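Student: Please find one structure pasted underneath; my questions will follow.
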Amino acid sequence: MNNEVLLTRPSWIEIDLKAVQFNAKSILKHTDAQRLIAVVKANAYGHGAIKVAQALYDIGVRDFAVATIAEGIELRSALYYENVKIILLGVQDVNQIHEIIKYRLSPAVESVDWLDQALHGMNDSEILNVEIAVDTGMGRMGAHSKQALQDVYDKVKESSLLQLTGVFTHFATADDNNQSYYMKQLKLFEEWVESADIPKKYWHLANSGSSLWHYREINTQTIRVGSVLYGFNPGAPLLKMPIKLHSVLTLKSKIGAVHKLQTGESVSYGATYTAQEPQWVATLPIGYADGYLRRMAGMKVLIDGQIATVVGRITMDQLVIAMDRYHPIDTEVTLIGKSGNKEISIEEFSSYARTIPHEIVTSLSSRLPRVYIK
Ligand SMILES: *Cc1c(COP(=O)(O)O)cnc(C)c1O
């Protein structure tokens, strides 16, 4: 543990940036893509957007995607280079067109109406980069018919202030096994985009699920991925990974207090756990306000490759583990990741929480310092 962490608190996240780079190269190779748009929205799925983006920039990635203008501005402050593109994936408030242009962000656009309003707020020396969103079945945003797409594309071509940088769709079932819905979306995209005659170099369709399991069916000159960069299986537990990725994130804490419970003594709110025999327990300074969800009660943790168990209710800032022997204060405990020859994977953790890996990693709060391993 380094000083950066000692200054804050003894619960922290370690991020392996080399693993992120390895995963990016692996998915490019797997799909035979030339270009990768790195999805670093939500603080790079909790891993730290600037650090992750810089590590990817170092291996040649020049395209990034975030969800909000604020995320785009933060990223632009670190990657201010002319040749770095930052896409805004979500619907944006057109009243913020000045921020979008000032920070050279490329918004996803779905309608002529939005473009008209944007143009109205721009002056003649400004250029807006446009990513045309096509809704083929996700139902969130995007031009929703062949004609709607044609109209948006015509508008972009006709205005000298608008510059096309991409056209994309998002798959609803790439990481489960609804193959027919996937193919239906793909057919619509191809039909509409080909009818509008938008050149292939602008297309980007493949999210992580598509890149892993459907790369043969789609155009993968450019892929647009998040989950795989962070090393987890987006289709867990349904689908098996076709390639081996490296795990990126480790969640650790240190024992802050140790006690021996006597038979009949209980732990935490509601006194839901009662020792049936004398039991060593330890307190870790991490709780649900850190994203260690309350429903993780009963989950295992690792101490030197040995299993201990979270007992009683998880509180906002602390939790208690039961151990089969005494461990002193300051002993390191792994809550997600490898310890000795055991591992608690994000997939296993999220399945215990009855959710998906994405929700677990984005729930790890800013109160946990991120330590970067190079
Ligand atoms: C979040 C998001 C992605 C990345 O998805 P992964 O499954 O994590 O690769 C790609 N495209 C869009 C439009 C998104 O919203």
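A note on labels: chains of the structure tokens are A, B, ... as shown, every chain counts residues from 1, and ligands are counted from 1 in their shown order.
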Give me the chain A side of the contact with ligand 1, cut-off 10 Å, one line per residue showing its nearest atom pair and distance in Å at one decimal, counting only C-alpha atoms and all ligand atoms, sorted by chain and residue number, as JSON lines.
Tutor:
```
{"residue": "A:Ile37", "atom": "CA", "partner": "ligand 1", "partner_atom_place_in_ligand_line": "10 (C)", "distance": 8.8}
{"residue": "A:Ala38", "atom": "CA", "partner": "ligand 1", "partner_atom_place_in_ligand_line": "4 (C)", "distance": 8.2}
{"residue": "A:Val39", "atom": "CA", "partner": "ligand 1", "partner_atom_place_in_ligand_line": "4 (C)", "distance": 5.6}
{"residue": "A:Val40", "atom": "CA", "partner": "ligand 1", "partner_atom_place_in_ligand_line": "1 (C)", "distance": 8.4}
{"residue": "A:Lys41", "atom": "CA", "partner": "ligand 1", "partner_atom_place_in_ligand_line": "1 (C)", "distance": 7.1}
{"residue": "A:Ala42", "atom": "CA", "partner": "ligand 1", "partner_atom_place_in_ligand_line": "1 (C)", "distance": 9.1}
{"residue": "A:Ala44", "atom": "CA", "partner": "ligand 1", "partner_atom_place_in_ligand_line": "8 (O)", "distance": 9.8}
{"residue": "A:Tyr45", "atom": "CA", "partner": "ligand 1", "partner_atom_place_in_ligand_line": "8 (O)", "distance": 8.5}
{"residue": "A:Ala65", "atom": "CA", "partner": "ligand 1", "partner_atom_place_in_ligand_line": "10 (C)", "distance": 8.1}
{"residue": "A:Val66", "atom": "CA", "partner": "ligand 1", "partner_atom_place_in_ligand_line": "1 (C)", "distance": 8.2}
{"residue": "A:Ala67", "atom": "CA", "partner": "ligand 1", "partner_atom_place_in_ligand_line": "15 (O)", "distance": 7.3}
{"residue": "A:Ile87", "atom": "CA", "partner": "ligand 1", "partner_atom_place_in_ligand_line": "13 (C)", "distance": 9.8}
{"residue": "A:Leu88", "atom": "CA", "partner": "ligand 1", "partner_atom_place_in_ligand_line": "13 (C)", "distance": 9.0}
{"residue": "A:Leu89", "atom": "CA", "partner": "ligand 1", "partner_atom_place_in_ligand_line": "13 (C)", "distance": 5.4}
{"residue": "A:Gly90", "atom": "CA", "partner": "ligand 1", "partner_atom_place_in_ligand_line": "15 (O)", "distance": 7.1}
{"residue": "A:Ala108", "atom": "CA", "partner": "ligand 1", "partner_atom_place_in_ligand_line": "13 (C)", "distance": 8.9}
{"residue": "A:Ala133", "atom": "CA", "partner": "ligand 1", "partner_atom_place_in_ligand_line": "13 (C)", "distance": 8.5}
{"residue": "A:Met138", "atom": "CA", "partner": "ligand 1", "partner_atom_place_in_ligand_line": "13 (C)", "distance": 9.5}
{"residue": "A:Arg140", "atom": "CA", "partner": "ligand 1", "partner_atom_place_in_ligand_line": "13 (C)", "distance": 9.5}
{"residue": "A:Met141", "atom": "CA", "partner": "ligand 1", "partner_atom_place_in_ligand_line": "13 (C)", "distance": 9.3}
{"residue": "A:Phe168", "atom": "CA", "partner": "ligand 1", "partner_atom_place_in_ligand_line": "13 (C)", "distance": 8.0}
{"residue": "A:Thr169", "atom": "CA", "partner": "ligand 1", "partner_atom_place_in_ligand_line": "13 (C)", "distance": 7.0}
{"residue": "A:His170", "atom": "CA", "partner": "ligand 1", "partner_atom_place_in_ligand_line": "13 (C)", "distance": 5.2}
{"residue": "A:Phe171", "atom": "CA", "partner": "ligand 1", "partner_atom_place_in_ligand_line": "11 (N)", "distance": 8.2}
{"residue": "A:Ala172", "atom": "CA", "partner": "ligand 1", "partner_atom_place_in_ligand_line": "7 (O)", "distance": 9.7}
{"residue": "A:Ala174", "atom": "CA", "partner": "ligand 1", "partner_atom_place_in_ligand_line": "7 (O)", "distance": 8.1}
{"residue": "A:Asp175", "atom": "CA", "partner": "ligand 1", "partner_atom_place_in_ligand_line": "7 (O)", "distance": 7.6}
{"residue": "A:His204", "atom": "CA", "partner": "ligand 1", "partner_atom_place_in_ligand_line": "11 (N)", "distance": 9.1}
{"residue": "A:Leu205", "atom": "CA", "partner": "ligand 1", "partner_atom_place_in_ligand_line": "11 (N)", "distance": 7.8}
{"residue": "A:Ala206", "atom": "CA", "partner": "ligand 1", "partner_atom_place_in_ligand_line": "10 (C)", "distance": 7.4}
{"residue": "A:Asn207", "atom": "CA", "partner": "ligand 1", "partner_atom_place_in_ligand_line": "9 (O)", "distance": 4.1}
{"residue": "A:Ser208", "atom": "CA", "partner": "ligand 1", "partner_atom_place_in_ligand_line": "9 (O)", "distance": 3.6}
{"residue": "A:Gly209", "atom": "CA", "partner": "ligand 1", "partner_atom_place_in_ligand_line": "7 (O)", "distance": 5.8}
{"residue": "A:Ser210", "atom": "CA", "partner": "ligand 1", "partner_atom_place_in_ligand_line": "7 (O)", "distance": 8.2}
{"residue": "A:Ser211", "atom": "CA", "partner": "ligand 1", "partner_atom_place_in_ligand_line": "9 (O)", "distance": 8.3}
{"residue": "A:Leu212", "atom": "CA", "partner": "ligand 1", "partner_atom_place_in_ligand_line": "9 (O)", "distance": 9.6}
{"residue": "A:Ile223", "atom": "CA", "partner": "ligand 1", "partner_atom_place_in_ligand_line": "10 (C)", "distance": 8.8}
{"residue": "A:Arg224", "atom": "CA", "partner": "ligand 1", "partner_atom_place_in_ligand_line": "10 (C)", "distance": 5.5}
{"residue": "A:Val225", "atom": "CA", "partner": "ligand 1", "partner_atom_place_in_ligand_line": "9 (O)", "distance": 3.6}
{"residue": "A:Gly226", "atom": "CA", "partner": "ligand 1", "partner_atom_place_in_ligand_line": "8 (O)", "distance": 3.6}
{"residue": "A:Ser227", "atom": "CA", "partner": "ligand 1", "partner_atom_place_in_ligand_line": "8 (O)", "distance": 3.8}
{"residue": "A:Val228", "atom": "CA", "partner": "ligand 1", "partner_atom_place_in_ligand_line": "9 (O)", "distance": 6.4}
{"residue": "A:Leu229", "atom": "CA", "partner": "ligand 1", "partner_atom_place_in_ligand_line": "9 (O)", "distance": 8.1}
{"residue": "A:Tyr230", "atom": "CA", "partner": "ligand 1", "partner_atom_place_in_ligand_line": "8 (O)", "distance": 8.8}
{"residue": "A:Phe232", "atom": "CA", "partner": "ligand 1", "partner_atom_place_in_ligand_line": "8 (O)", "distance": 9.4}
{"residue": "A:Asn233", "atom": "CA", "partner": "ligand 1", "partner_atom_place_in_ligand_line": "7 (O)", "distance": 9.3}
{"residue": "A:Pro234", "atom": "CA", "partner": "ligand 1", "partner_atom_place_in_ligand_line": "7 (O)", "distance": 6.3}
{"residue": "A:Gly235", "atom": "CA", "partner": "ligand 1", "partner_atom_place_in_ligand_line": "7 (O)", "distance": 8.9}
{"residue": "A:Pro357", "atom": "CA", "partner": "ligand 1", "partner_atom_place_in_ligand_line": "8 (O)", "distance": 9.9}
{"residue": "A:His358", "atom": "CA", "partner": "ligand 1", "partner_atom_place_in_ligand_line": "8 (O)", "distance": 7.5}
```
Student: For A:Thr136, work out the shell of residues within 7 Å, counting only C-alpha atoms and skipping chain neighbours fewer than 2 positions away, then give it as a PyMOL selection string.
Tutor: chain A and resi 134+138+144+169+185+188-189
Student: Quick check, in Å to one decimal: how far apart do atom CA of A:Asn129 and atom CA of A:Val52 lie?
Tutor: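 That distance, rounded to one decimal, is 23.7 Å.
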Student: Please identify which residues in stretch 3-203 of chain A DSSP calls helix (DSSP H, G or I) from the backbone, and express them as a ChimeraX atom specification.
Tutor: /A:3-6,17-31,41-45,49-58,69-78,94-102,112-120,146-158,179-196,200-202
Student: So how many Å separate atom CA of A:Ile73 and atom CA of A:Val152, to one decimal?
Tutor: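 Between atom CA of A:Ile73 and atom CA of A:Val152 the gap works out to 25.8 Å.
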Student: Considering only C-alpha atoms, give me a table of residues in stretch 272-319 of chain A that are at most 8 Å from stretch 331-340 of chain A, with the closest atom pair and distance in Å for each, as a Markdown table.
Tutor:
```
| residue | atom | partner | partner_atom | distance |
| --- | --- | --- | --- | --- |
| A:Lys300 | CA | A:Leu335 | CA | 7.6 |
| A:Val301 | CA | A:Leu335 | CA | 4.9 |
| A:Leu302 | CA | A:Thr334 | CA | 5.0 |
| A:Ile303 | CA | A:Val333 | CA | 5.0 |
| A:Asp304 | CA | A:Gly340 | CA | 5.5 |
| A:Gly305 | CA | A:Gly340 | CA | 4.1 |
| A:Gln306 | CA | A:Gly340 | CA | 7.9 |
```
Student: Mind giving me the straight-line distance from atom CA of A:Gly287 to atom CA of A:Ala275 in Å, one decimal?
Tutor: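 Atom CA of A:Ala275 lies at a distance of 21.4 Å from atom CA of A:Gly287.
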Student: Could you pull out the strand (DSSP E or B) residues of stretch 119-318 of chain A from DSSP and send them as a VMD selection string?
Tutor: chain A and resid 128 to 134 143 162 to 169 203 to 204 206 222 to 225 249 to 254 257 to 261 266 to 267 273 to 274 279 to 284 300 to 303 306 to 311
Student: Can you spit out the residues from that selection as a compact mmCIF listing (two decimals), in the first residue's frame, using C-alpha atoms?
Tutor:
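Once written, out_36.txt looks like this:
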```txt
# COMPACT_ATOMS: atom_id res chain seq x y z
CA LEU A 128 -20.14 20.65 -34.69
CA ASN A 129 -19.08 17.02 -34.96
CA VAL A 130 -22.09 14.77 -35.30
CA GLU A 131 -22.54 11.10 -34.45
CA ILE A 132 -25.82 9.98 -35.95
CA ALA A 133 -27.65 7.61 -33.61
CA VAL A 134 -29.91 5.01 -35.22
CA ALA A 143 -33.40 8.06 -35.80
CA LEU A 162 -21.91 20.15 -39.36
CA GLN A 163 -19.27 17.48 -39.74
CA LEU A 164 -20.19 13.78 -39.76
CA THR A 165 -17.88 11.72 -37.54
CA GLY A 166 -19.90 8.53 -37.16
CA VAL A 167 -23.16 6.61 -37.43
CA PHE A 168 -24.06 3.95 -34.91
CA THR A 169 -26.67 1.75 -33.33
CA TRP A 203 -20.14 2.84 -38.92
CA HIS A 204 -19.69 1.58 -35.40
CA ALA A 206 -20.13 -3.47 -31.83
CA THR A 222 -14.57 0.20 -35.61
CA ILE A 223 -15.72 -1.33 -32.33
CA ARG A 224 -17.21 0.60 -29.39
CA VAL A 225 -16.56 -1.21 -26.14
CA LEU A 249 -10.03 -4.17 -10.41
CA THR A 250 -9.23 -5.30 -6.87
CA LEU A 251 -11.18 -4.08 -3.84
CA LYS A 252 -9.26 -4.19 -0.58
CA SER A 253 -9.55 -3.12 3.03
CA LYS A 254 -7.61 -3.56 6.26
CA ALA A 257 -10.55 -3.86 15.02
CA VAL A 258 -10.52 -7.49 16.21
CA HIS A 259 -12.65 -9.13 18.92
CA LYS A 260 -13.54 -12.56 20.14
CA LEU A 261 -17.30 -12.93 20.45
CA SER A 266 -24.39 -10.69 18.38
CA VAL A 267 -23.15 -8.35 15.65
CA TYR A 273 -25.90 -12.78 13.64
CA THR A 274 -25.23 -14.50 16.95
CA GLN A 279 -15.76 -16.64 17.37
CA TRP A 280 -13.02 -14.31 16.13
CA VAL A 281 -14.51 -11.35 14.28
CA ALA A 282 -12.91 -8.27 12.70
CA THR A 283 -14.26 -4.91 11.57
CA LEU A 284 -13.43 -3.50 8.13
CA LYS A 300 -16.99 -14.27 1.50
CA VAL A 301 -13.80 -12.21 1.63
CA LEU A 302 -10.18 -13.38 1.41
CA ILE A 303 -7.32 -13.06 3.90
CA GLN A 306 -8.22 -17.99 3.15
CA ILE A 307 -11.96 -17.44 3.25
CA ALA A 308 -13.68 -15.32 5.90
CA THR A 309 -17.39 -14.38 5.86
CA VAL A 310 -19.28 -11.11 6.18
CA VAL A 311 -21.62 -11.51 9.19
```
Student: Need to verify the contact set: A:Ser77, 12 Å, only C-alpha atoms, exclusion of same-chain residues closer than 6 positions in sequence. Can you return it as a list in words?
Tutor: Ala49, Ile50, Ala53, Gln54, Ala70, Glu71, Val84, Ile86, Lys102, Tyr103, Arg104 and Leu105 of chain A
Student: Neighbours of A:Ala118 within 10 Å (only C-alpha atoms; same-chain residues fewer than 6 positions away dropped), as a list of chain:residue names?
Tutor: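 Residues near the query, excluding close chain neighbours: A:Asp93, A:Val94, A:Asn95, A:Gln96, A:Ile97, A:His98, A:Val112, A:Leu128, A:Leu162.
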Student: Between A:Leu28, A:Val109, A:Ala236, A:Val248, which has the minimum distance to A:Tyr372 (counting only C-alpha atoms)?
Tutor: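 Under the stated criterion, the closest residue is A:Val248.
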